[in-house]
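Student: If it helps, the file is called query_35.txt and holds compact mmCIF, C-alpha atoms and all ligand atoms:
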```txt
# COMPACT_ATOMS: atom_id res chain seq x y z
CA MET A 299 14.73 23.73 1.46
CA VAL A 300 14.18 19.99 1.16
CA ILE A 301 13.74 17.06 3.49
CA THR A 302 16.88 14.97 3.69
CA ASN A 303 18.29 12.40 6.08
CA ARG A 304 19.23 15.30 8.37
CA ASN A 305 15.60 16.08 9.09
CA ILE A 306 13.64 13.00 8.00
CA SER A 307 13.11 11.97 11.66
CA LYS A 308 11.64 15.40 12.40
CA ALA A 309 9.41 15.18 9.30
CA ILE A 310 8.05 11.77 10.30
CA LYS A 311 7.50 12.95 13.87
CA GLU A 312 5.51 15.93 12.55
CA VAL A 313 3.44 13.65 10.29
CA LYS A 314 2.55 11.52 13.35
CA PHE A 315 1.69 14.66 15.32
CA MET A 316 -0.62 15.97 12.58
CA LEU A 317 -2.33 12.59 12.13
CA ASN A 318 -2.81 12.32 15.87
CA LYS A 319 -4.44 15.73 15.87
CA GLU A 320 -6.74 14.62 13.04
CA LYS A 321 -7.44 11.39 14.96
CA ARG A 322 -6.19 9.39 11.99
CA LEU A 323 -3.55 7.30 13.73
CA SER A 324 -5.69 4.35 14.75
CA LEU A 325 -4.30 1.09 13.41
CA SER A 326 -6.86 -0.09 10.92
CA GLY A 327 -4.64 -2.39 8.88
CA SER A 328 -6.01 -5.57 7.34
CA ARG A 329 -7.40 -8.05 9.84
CA TYR A 330 -5.98 -10.82 7.64
CA LYS A 331 -2.33 -9.94 8.27
CA SER A 332 -1.53 -13.31 9.82
CA ASP A 333 -2.80 -15.24 6.77
CA PRO A 334 -0.57 -14.54 3.72
CA PHE A 335 -3.14 -15.94 1.27
CA LYS A 336 -6.02 -13.83 2.57
CA LEU A 337 -3.81 -10.75 2.85
CA LEU A 338 -2.71 -11.24 -0.76
CA VAL A 339 -6.31 -11.58 -2.00
CA SER A 340 -7.47 -8.53 0.03
CA THR A 341 -4.57 -6.43 -1.23
CA ILE A 342 -5.34 -7.29 -4.86
CA LEU A 343 -9.00 -6.46 -4.31
CA SER A 344 -8.18 -3.17 -2.57
CA ALA A 345 -6.75 -1.55 -5.72
CA ARG A 346 -8.93 1.42 -6.75
CA THR A 347 -11.50 0.51 -4.13
CA LYS A 348 -12.39 2.18 -0.84
CA ASP A 349 -11.06 0.46 2.29
CA GLU A 350 -14.55 -0.04 3.73
CA THR A 351 -15.80 -1.61 0.48
CA THR A 352 -12.81 -3.97 0.33
CA ALA A 353 -13.38 -4.99 3.96
CA ARG A 354 -17.02 -5.85 3.20
CA ILE A 355 -16.13 -7.81 0.05
CA VAL A 356 -13.38 -9.88 1.64
CA ASP A 357 -15.36 -10.68 4.78
CA ASN A 358 -18.05 -12.14 2.55
CA LEU A 359 -15.61 -13.76 0.09
CA PHE A 360 -13.62 -15.56 2.78
CA LYS A 361 -16.75 -17.37 3.95
CA THR A 362 -16.38 -19.55 0.84
CA ILE A 363 -12.78 -18.96 -0.30
CA LYS A 364 -10.27 -20.09 2.29
CA SER A 365 -7.35 -21.29 0.18
CA PRO A 366 -5.86 -21.16 -3.33
CA TYR A 367 -7.62 -24.49 -3.99
CA ASP A 368 -11.05 -22.89 -3.32
CA LEU A 369 -10.11 -19.95 -5.52
CA ALA A 370 -8.90 -22.14 -8.37
CA SER A 371 -12.10 -24.18 -8.38
CA ILE A 372 -14.73 -21.46 -7.99
CA ASN A 373 -16.66 -20.57 -11.14
CA ILE A 374 -15.39 -17.25 -12.55
CA ARG A 375 -18.91 -15.78 -12.86
CA THR A 376 -19.61 -16.63 -9.21
CA LEU A 377 -16.32 -14.99 -8.24
CA GLU A 378 -17.17 -11.90 -10.28
CA ARG A 379 -20.50 -11.66 -8.48
CA LEU A 380 -18.79 -11.94 -5.09
CA ILE A 381 -16.30 -9.15 -5.85
CA PHE A 382 -18.60 -7.04 -8.04
CA ALA A 383 -18.35 -3.95 -5.78
CA SER A 384 -14.57 -3.83 -6.28
CA GLY A 385 -13.15 -1.63 -9.06
CA PHE A 386 -12.16 -3.56 -12.21
CA TYR A 387 -13.78 -6.69 -10.79
CA ARG A 388 -13.54 -8.64 -14.06
CA ASN A 389 -9.76 -8.17 -14.34
CA LYS A 390 -9.34 -8.90 -10.67
CA ALA A 391 -11.41 -12.09 -10.89
CA ARG A 392 -9.27 -13.33 -13.77
CA ASN A 393 -6.02 -12.42 -11.99
CA LEU A 394 -7.17 -14.10 -8.78
CA LYS A 395 -8.04 -17.32 -10.61
CA ASP A 396 -4.70 -17.30 -12.49
CA MET A 397 -2.82 -16.51 -9.31
CA ALA A 398 -4.45 -19.42 -7.49
CA LYS A 399 -3.38 -21.81 -10.25
CA VAL A 400 0.24 -20.57 -10.13
CA LEU A 401 0.27 -20.88 -6.32
CA ILE A 402 -0.92 -24.48 -6.59
CA ILE A 403 1.33 -25.54 -9.49
CA ASP A 404 4.55 -23.70 -8.56
CA TYR A 405 4.33 -23.14 -4.81
CA ASP A 406 2.45 -26.14 -3.46
CA GLY A 407 -0.53 -23.95 -2.54
CA LYS A 408 1.55 -21.60 -0.38
CA VAL A 409 2.22 -17.90 -0.80
CA PRO A 410 5.96 -17.31 -1.45
CA ASP A 411 7.77 -15.05 1.03
CA THR A 412 10.14 -13.13 -1.24
CA ILE A 413 9.49 -10.09 -3.43
CA ASN A 414 11.16 -11.73 -6.42
CA GLU A 415 8.79 -14.71 -6.28
CA LEU A 416 5.68 -12.70 -5.40
CA VAL A 417 5.98 -10.40 -8.42
CA LYS A 418 5.82 -13.46 -10.68
CA LEU A 419 2.20 -13.99 -9.60
CA PRO A 420 -0.54 -12.61 -11.89
CA GLY A 421 -1.86 -9.27 -10.61
CA VAL A 422 0.96 -8.80 -8.11
CA GLY A 423 3.23 -5.77 -8.47
CA ARG A 424 6.06 -4.54 -6.26
CA LYS A 425 3.73 -2.55 -3.99
CA THR A 426 1.68 -5.63 -3.14
CA ALA A 427 4.78 -7.83 -2.89
CA ASN A 428 6.40 -5.44 -0.41
CA LEU A 429 3.22 -5.31 1.65
CA ILE A 430 3.02 -9.12 1.83
CA VAL A 431 6.65 -9.63 2.85
CA THR A 432 6.50 -6.93 5.52
CA SER A 433 3.02 -7.59 6.94
CA ALA A 434 2.60 -11.35 6.56
CA PHE A 435 6.21 -12.54 6.81
CA HIS A 436 7.75 -9.76 8.94
CA LYS A 437 10.61 -9.28 6.49
CA GLN A 438 12.05 -5.97 5.36
CA GLY A 439 10.41 -4.11 2.52
CA ILE A 440 9.06 -0.68 1.60
CA CYS A 441 5.56 -0.54 0.25
CA VAL A 442 5.42 2.41 -2.14
CA ASP A 443 2.04 3.44 -3.51
CA THR A 444 1.01 6.71 -5.17
CA HIS A 445 0.79 8.55 -1.80
CA VAL A 446 4.32 7.57 -0.70
CA HIS A 447 5.65 8.35 -4.18
CA ARG A 448 3.96 11.75 -4.36
CA ILE A 449 4.82 12.91 -0.84
CA MET A 450 8.46 11.81 -0.94
CA ASN A 451 8.86 13.77 -4.18
CA ARG A 452 7.05 16.81 -2.80
CA TRP A 453 9.34 16.73 0.21
CA GLY A 454 12.33 16.64 -2.16
CA TYR A 455 13.57 13.54 -0.32
CA VAL A 456 13.67 11.67 -3.66
CA LYS A 457 13.43 12.79 -7.26
CA THR A 458 11.75 9.97 -9.14
CA LYS A 459 9.26 9.37 -11.92
CA THR A 460 7.44 6.19 -10.79
CA PRO A 461 6.54 4.44 -7.52
CA ASN A 462 8.96 1.62 -8.42
CA ASP A 463 11.81 4.13 -8.83
CA THR A 464 10.82 5.66 -5.48
CA GLU A 465 11.02 2.24 -3.83
CA ILE A 466 14.54 1.73 -5.21
CA ALA A 467 15.61 5.23 -4.07
CA LEU A 468 14.11 4.73 -0.59
CA ARG A 469 15.82 1.37 -0.18
CA LYS A 470 19.15 3.18 -0.65
CA LYS A 471 18.36 6.13 1.54
CA LEU A 472 15.55 5.78 4.07
CA PRO A 473 16.74 4.59 7.52
CA LYS A 474 15.57 1.00 7.99
CA ARG A 475 13.61 1.80 11.15
CA TYR A 476 11.05 3.61 8.97
CA TRP A 477 10.63 0.97 6.25
CA ALA A 478 7.71 -0.85 7.81
CA VAL A 479 5.77 2.25 8.92
CA ILE A 480 6.29 4.72 6.11
CA ASN A 481 3.42 3.41 3.98
CA PHE A 482 0.96 3.38 6.86
CA LEU A 483 1.82 6.97 7.83
CA LEU A 484 2.05 8.53 4.39
CA VAL A 485 -1.13 6.91 3.04
CA LYS A 486 -3.08 8.47 5.91
CA PHE A 487 -1.19 11.75 5.57
CA GLY A 488 -1.79 11.73 1.79
CA LYS A 489 -5.52 11.15 2.19
CA THR A 490 -6.02 13.91 4.75
CA ILE A 491 -3.38 16.65 4.53
CA CYS A 492 -0.90 16.19 1.69
CA LYS A 493 -3.70 15.36 -0.74
CA PRO A 494 -3.00 14.83 -4.47
CA ILE A 495 -4.93 18.01 -5.34
CA ASN A 496 -5.01 21.05 -3.05
CA PRO A 497 -2.64 19.84 -0.31
CA ARG A 498 -3.27 21.72 2.95
CA CYS A 499 0.18 23.35 2.96
CA ASN A 500 -0.92 26.44 4.90
CA GLU A 501 -1.72 24.40 7.99
CA CYS A 502 0.95 21.70 7.46
CA ARG A 503 3.74 21.67 10.05
CA LEU A 504 6.25 20.79 7.32
CA ASN A 505 5.65 23.86 5.17
CA LYS A 506 9.00 25.44 6.12
CA ILE A 507 11.07 22.44 5.12
CA CYS A 508 9.01 20.83 2.34
CA GLN A 509 10.36 21.59 -1.13
CA TYR A 510 6.88 21.81 -2.70
CA ALA A 511 5.56 24.36 -0.19
CA VAL A 512 8.76 26.42 -0.08
CA LYS A 513 8.81 26.70 -3.89
CA ARG A 514 5.20 27.85 -3.95
CA HIS A 515 5.85 30.79 -1.61
S1 LIG B 1 3.76 21.37 3.06
FE1 LIG B 1 2.17 20.80 1.59
S2 LIG B 1 3.19 19.52 0.08
FE2 LIG B 1 4.52 19.66 1.85
S3 LIG B 1 4.02 17.89 3.11
FE3 LIG B 1 2.78 19.56 3.83
S4 LIG B 1 0.85 19.40 2.71
FE4 LIG B 1 2.38 18.16 1.62
```
Let's see the structure in the file written out as structure tokens.
Tutor:
Amino acid sequence: MVITNRNISKAIKEVKFMLNKEKRLSLSGSRYKSDPFKLLVSTILSARTKDETTARIVDNLFKTIKSPYDLASINIRTLERLIFASGFYRNKARNLKDMAKVLIIDYDGKVPDTINELVKLPGVGRKTANLIVTSAFHKQGICVDTHVHRIMNRWGYVKTKTPNDTEIALRKKLPKRYWAVINFLLVKFGKTICKPINPRCNECRLNKICQYAVKRH
């Protein structure tokens, strides 16, 4: 048994039901969604860092950094101190400084609104690019991180090796009405129920149709 386009709507409905039950459906997305620059900076800083830590860092950072020009001119040691609590803060500080320079030189200080342009920026991969185009510019994209990649493969909906491959497969297959919400739902589902290690299959409402659970029993 696998999840296909015949039952993907049911699967997503069940995910929503389970998250509702766990009280995990509140919308806690970035408060900087309407500002592409701030959303880009927060997304880069969020890698390998807890959501609450990122929120604290960016709230403090954006008191002094409000544009690519501020970011390009801030001393790198000062920036490192400001983002110290974030994982890999040295790499991130360097990427942020480089990104600010590219934004100023190539994009007139504005964040580009296409995936192809966004991935040219230092520190920006397809996951971040998709998030920016969908959240800040309201364009179509599918943000695939490790949770979306893992769960879609466990379901048997795709059979892929990397998150980028999963994004390509989902673009061909996943009904467009789910593109913008799939990341939000599966990240929460992946953190609470379909966890990387010891997924809670016994209590999961998908365990009769999910390839991973069916194969295990
Ligand atoms: S049955 Fe298990 S592997 Fe499948 S979606 Fe549920 S928790 Fe994840």
Student: Can you work out which residues are within 9 Å of ligand LIG 1 (chain B), considering all atoms listed in the file, and then hand them over as number ranges by chain?
Tutor: A: 309, 313, 448-450, 452-453, 487-488, 491-494, 496-512
Student: Please, what distance in Å, to one decimal, runs between CA of Thr444 in chain A and CA of Glu378 in chain A?
Tutor: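 Result for CA of Thr444 in chain A versus CA of Glu378 in chain A: 26.5 Å, one decimal.
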Student: Which is closer to Asn305 in chain A than all the others in A:Leu338, A:Leu472, A:Met397, A:Ile495, using all atoms listed in the file?
Tutor: A:Leu472
Student: Which residue, A:Lys489, A:Arg469, A:Lys311, A:Lys513, has the smallest gap to Asn428 in chain A when you use all atoms listed in the file?
Tutor: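 Looking at the shortest contact to Asn428 in chain A, the residue is A:Arg469.
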Student: Set out as CSV a contact list for range 352-409 of chain A and range 418-425 of chain A with a cut-off of 7 Å, giving each residue of range 352-409 of chain A that qualifies its closest atom pair and distance in Å to one decimal, counting all atoms listed in the file, ordered by chain and rising residue number.
Tutor:
```
residue,atom,partner,partner_atom,distance
A:Asn393,CA,A:Gly421,CA,5.4
A:Asp396,CA,A:Pro420,CA,6.3
A:Met397,CA,A:Pro420,CA,5.2
A:Val400,CA,A:Leu419,CA,6.9
```
Student: Using only C-alpha atoms, which residue out of A:Lys408, A:Arg329, A:His447, A:Arg304 lies closest to Arg354 in chain A?
Tutor: A:Arg329
Student: What does the distance between CA of Trp477 in chain A and CA of Ile440 in chain A come to in Å, to one decimal place?
Tutor: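 About the pair CA of Trp477 in chain A and CA of Ile440 in chain A: they are 5.2 Å apart.
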Student: Between A:Gln438, A:Lys474, A:Asp443, A:Ser433, which residue has the minimum interatomic distance to Ser332 in chain A, considering all atoms listed in the file?
Tutor: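 Counting all atoms listed in the file, the residue closest to Ser332 in chain A is A:Ser433.
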Student: Just give me the gap between CA of Pro473 in chain A and CA of Asn303 in chain A in Å, one decimal is fine.
Tutor: 8.1 Å
Student: Rank A:Phe335, A:Tyr367, A:Phe482, A:Tyr330 by their smallest atom-to-atom distance to Leu416 in chain A, using all atoms listed in the file, and report the top residue only.
Tutor: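 Among the listed residues, A:Phe335 lies closest to Leu416 in chain A.
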Student: Determine the nearest neighbour of Leu337 in chain A from the options A:Asn318, A:Thr352, A:Ser384, A:Ser371, counting only C-alpha atoms.
Tutor: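 Looking only at the distances to Leu337 in chain A, the closest residue turns out to be A:Thr352.
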Student: With all atoms listed in the file as the counted atoms, please give the residues lying no more than 10 Å from Ala383 in chain A, apart from itself and same-chain residues fewer than 6 positions off, as a list in words.
Tutor: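 Once the adjacent positions are removed, what remains is Leu343, Thr347, Lys348, Thr351, Thr352, Arg354 and Ile355 of chain A.
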Student: Within 9 Å of Val456 in chain A, counting all atoms listed in the file, which residues show up once you throw out same-chain ones fewer than 4 positions away? Write them as a list in words, please.
Tutor: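 Close residues of Val456 in chain A: Ile301, Thr302, His447, Met450, Asn451, Arg452, Thr464, Ala467, Leu468 and Lys471 of chain A.
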